[in-house]
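Novice: Pasting in a structure now, in structure tokens, and then I'll have a few things to ask.
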Amino acid sequence: MEHRYALTVTWTGNTGEGTATYRGYRRTHTVTAEGPPELLGSADRTFHGDRDRWNPEQLLLAALSQCHLLSYLHVCVDAGVVVTEYVDRATGSMRTERDGSGRFTEVVLSPEVTVADASMVEAATAAHHRANQLCFIANSVSFPVLHEPVVRVGAPGPTDPTGQVTRGR
């Protein structure tokens, strides 16, 4: 089955002279699609962008993290694992070359998952591997997407360190 996606990216950074000079234009743009609100984008600040807007590198990292989350929740339902909380603090590494090209070298997803019962911890940890196999975005990139999950039992609050913790990869 094939799925198609459509969006529009519109450059909004013409300051009056277009791209006459490298520093003479802004890297700002909007991303629109039918349904969701407009997304304000720019280049990374390193590349003369606006740090108050999303850049393509952040969006790639977000897409990988979101895709893993959604695949993971699906796998957990199938495995009978009740997830009550999920937070991922994802990081990515990118290398640029002298000629101006560049590429991501790896992404590390660090999901912190809370499950309803201690009997679910092993399956919850193992579910990350299956979720990675199912993730459309991870299957589409040419760099490693690593996982450093933490699984907790119950719903410990910020000052309640009593939840059991297991780490997996």
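In the structure tokens, chains take letters A, B, ... by order of appearance, with residues numbered from 1 within each chain and ligands from 1 in the order shown.
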Per residue of range 19-94 of chain A within 9 Å of range 102-113 of chain A, which atom pair is closest and at what distance in Å (one decimal), using only C-alpha atoms, listed by chain and increasing number, as a tab-separated table?
Specialist:
```
residue	atom	partner	partner_atom	distance
A:Glu57	CA	A:Phe104	CA	8.7
A:Leu61	CA	A:Val107	CA	7.3
A:Leu64	CA	A:Leu109	CA	8.3
A:Ser65	CA	A:Leu109	CA	6.6
A:His68	CA	A:Leu109	CA	8.5
A:Leu69	CA	A:Pro111	CA	8.4
A:Val83	CA	A:Val113	CA	7.0
A:Thr84	CA	A:Val113	CA	7.7
A:Glu85	CA	A:Val113	CA	5.7
A:Tyr86	CA	A:Val113	CA	4.5
A:Val87	CA	A:Glu112	CA	5.2
A:Asp88	CA	A:Pro111	CA	3.9
A:Arg89	CA	A:Ser110	CA	5.3
A:Ala90	CA	A:Leu109	CA	4.5
A:Thr91	CA	A:Val108	CA	5.3
A:Gly92	CA	A:Val107	CA	4.2
A:Ser93	CA	A:Glu106	CA	5.5
A:Met94	CA	A:Phe104	CA	4.0
```
Novice: For Asp50 in chain A, find every residue with an atom within 8 Å (counting only C-alpha atoms), except residues of its own chain fewer than 4 positions away, and show them as a PyMOL selection string.
Specialist: chain A and resi 27-28+42-45
Novice: Selection from above, N, CA and C atoms, as an mmCIF file, in the first residue's frame, can you write it?
Specialist:
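Okay, this is what ended up in result_26.cif:
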```cif
data_model
loop_
_atom_site.group_PDB
_atom_site.id
_atom_site.type_symbol
_atom_site.label_atom_id
_atom_site.label_comp_id
_atom_site.auth_asym_id
_atom_site.auth_seq_id
_atom_site.Cartn_x
_atom_site.Cartn_y
_atom_site.Cartn_z
ATOM 1 N N ARG A 27 16.553 33.332 6.382
ATOM 2 C CA ARG A 27 16.288 31.914 6.091
ATOM 3 C C ARG A 27 14.886 31.492 6.534
ATOM 4 N N THR A 28 14.043 32.435 6.859
ATOM 5 C CA THR A 28 12.706 32.129 7.376
ATOM 6 C C THR A 28 11.795 31.583 6.285
ATOM 7 N N SER A 42 13.170 27.966 9.892
ATOM 8 C CA SER A 42 14.347 28.750 9.533
ATOM 9 C C SER A 42 15.521 27.794 9.460
ATOM 10 N N ALA A 43 16.692 28.326 9.177
ATOM 11 C CA ALA A 43 17.914 27.532 9.265
ATOM 12 C C ALA A 43 18.350 27.496 10.733
ATOM 13 N N ASP A 44 19.236 26.580 11.062
ATOM 14 C CA ASP A 44 19.859 26.574 12.374
ATOM 15 C C ASP A 44 20.601 27.903 12.556
ATOM 16 N N ARG A 45 20.716 28.355 13.777
ATOM 17 C CA ARG A 45 21.394 29.632 14.032
ATOM 18 C C ARG A 45 22.821 29.631 13.470
#
```
Novice: So which one's closest to Tyr22 in chain A, A:His48, A:Ser140, A:Ala127, A:Ala62? Using only C-alpha atoms, please.
Specialist: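 Ranking A:His48, A:Ser140, A:Ala127, A:Ala62 by distance to Tyr22 in chain A, first place goes to A:His48.
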Novice: So that I can see what lies close to Thr10 in chain A, please list as a list in words the residues with an atom at most 9 Å from it, counting only C-alpha atoms and leaving out residues fewer than 4 positions away in the same chain.
Specialist: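 Counting only the stated atoms, we get Thr28, His29, Thr30, Val31 and Thr32 of chain A.
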Novice: As a PyMOL selection string, please: all residues of range 29-142 of chain A that backbone DSSP puts in helix (DSSP H, G or I).
Specialist: chain A and resi 45-47+56-79+118-134+138-140
Novice: Excluding Val121 in chain A and residues on its chain fewer than 2 positions from it, collect all residues at most 12 Å away from it, counting only C-alpha atoms, and give them as an NGL selection string.
Specialist: :A and (76 or 79-83 or 113-119 or 123-128 or 149-154 or 163-168)
Novice: I need the residue nearest His74 in chain A from this list: A:Asn139, A:Thr15, A:Asn132, A:Ser101. Use only C-alpha atoms for the distance.
Specialist: A:Asn132
Novice: Let me make sure I understand: among A:His3, A:Val141, A:Gln133, A:Glu17, which one has the smallest atom-to-atom distance to Val75 in chain A if we use only C-alpha atoms?
Specialist: A:Gln133
Novice: Would you work out the distance separating CA of Leu70 in chain A from CA of Ala138 in chain A, expressed in Å to one decimal?
Specialist: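 Distance between the two atoms: 12.3 Å.
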Novice: Determine which residues of range 30-64 of chain A receive a DSSP assignment of strand (DSSP E or B), computed from the backbone, and state them as a list in words.
Specialist: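 Assigned to strand (DSSP E or B), within range 30-64 of chain A: Thr30, Val31, Thr32, Leu39, Leu40, Gly41 and Trp54 of chain A.
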Novice: Save the residues we just selected, C-alpha atoms, as a PDB file, in the first residue's frame?
Specialist:
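New file part10.pdb:
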```pdb
ATOM      1  CA  THR A  30       6.532  28.634   6.565  1.00  0.00           C
ATOM      2  CA  VAL A  31       5.415  25.039   6.243  1.00  0.00           C
ATOM      3  CA  THR A  32       1.732  24.487   5.591  1.00  0.00           C
ATOM      4  CA  LEU A  39       4.863  25.764  11.133  1.00  0.00           C
ATOM      5  CA  LEU A  40       7.452  28.532  11.297  1.00  0.00           C
ATOM      6  CA  GLY A  41      10.846  27.399  10.058  1.00  0.00           C
ATOM      7  CA  TRP A  54      12.124  25.264  13.973  1.00  0.00           C
TER       8      TRP A  54
END
```
Novice: What does the distance from CA of Gly100 in chain A to CA of Leu59 in chain A come to in Å, to one decimal?
Specialist: 20.1 Å
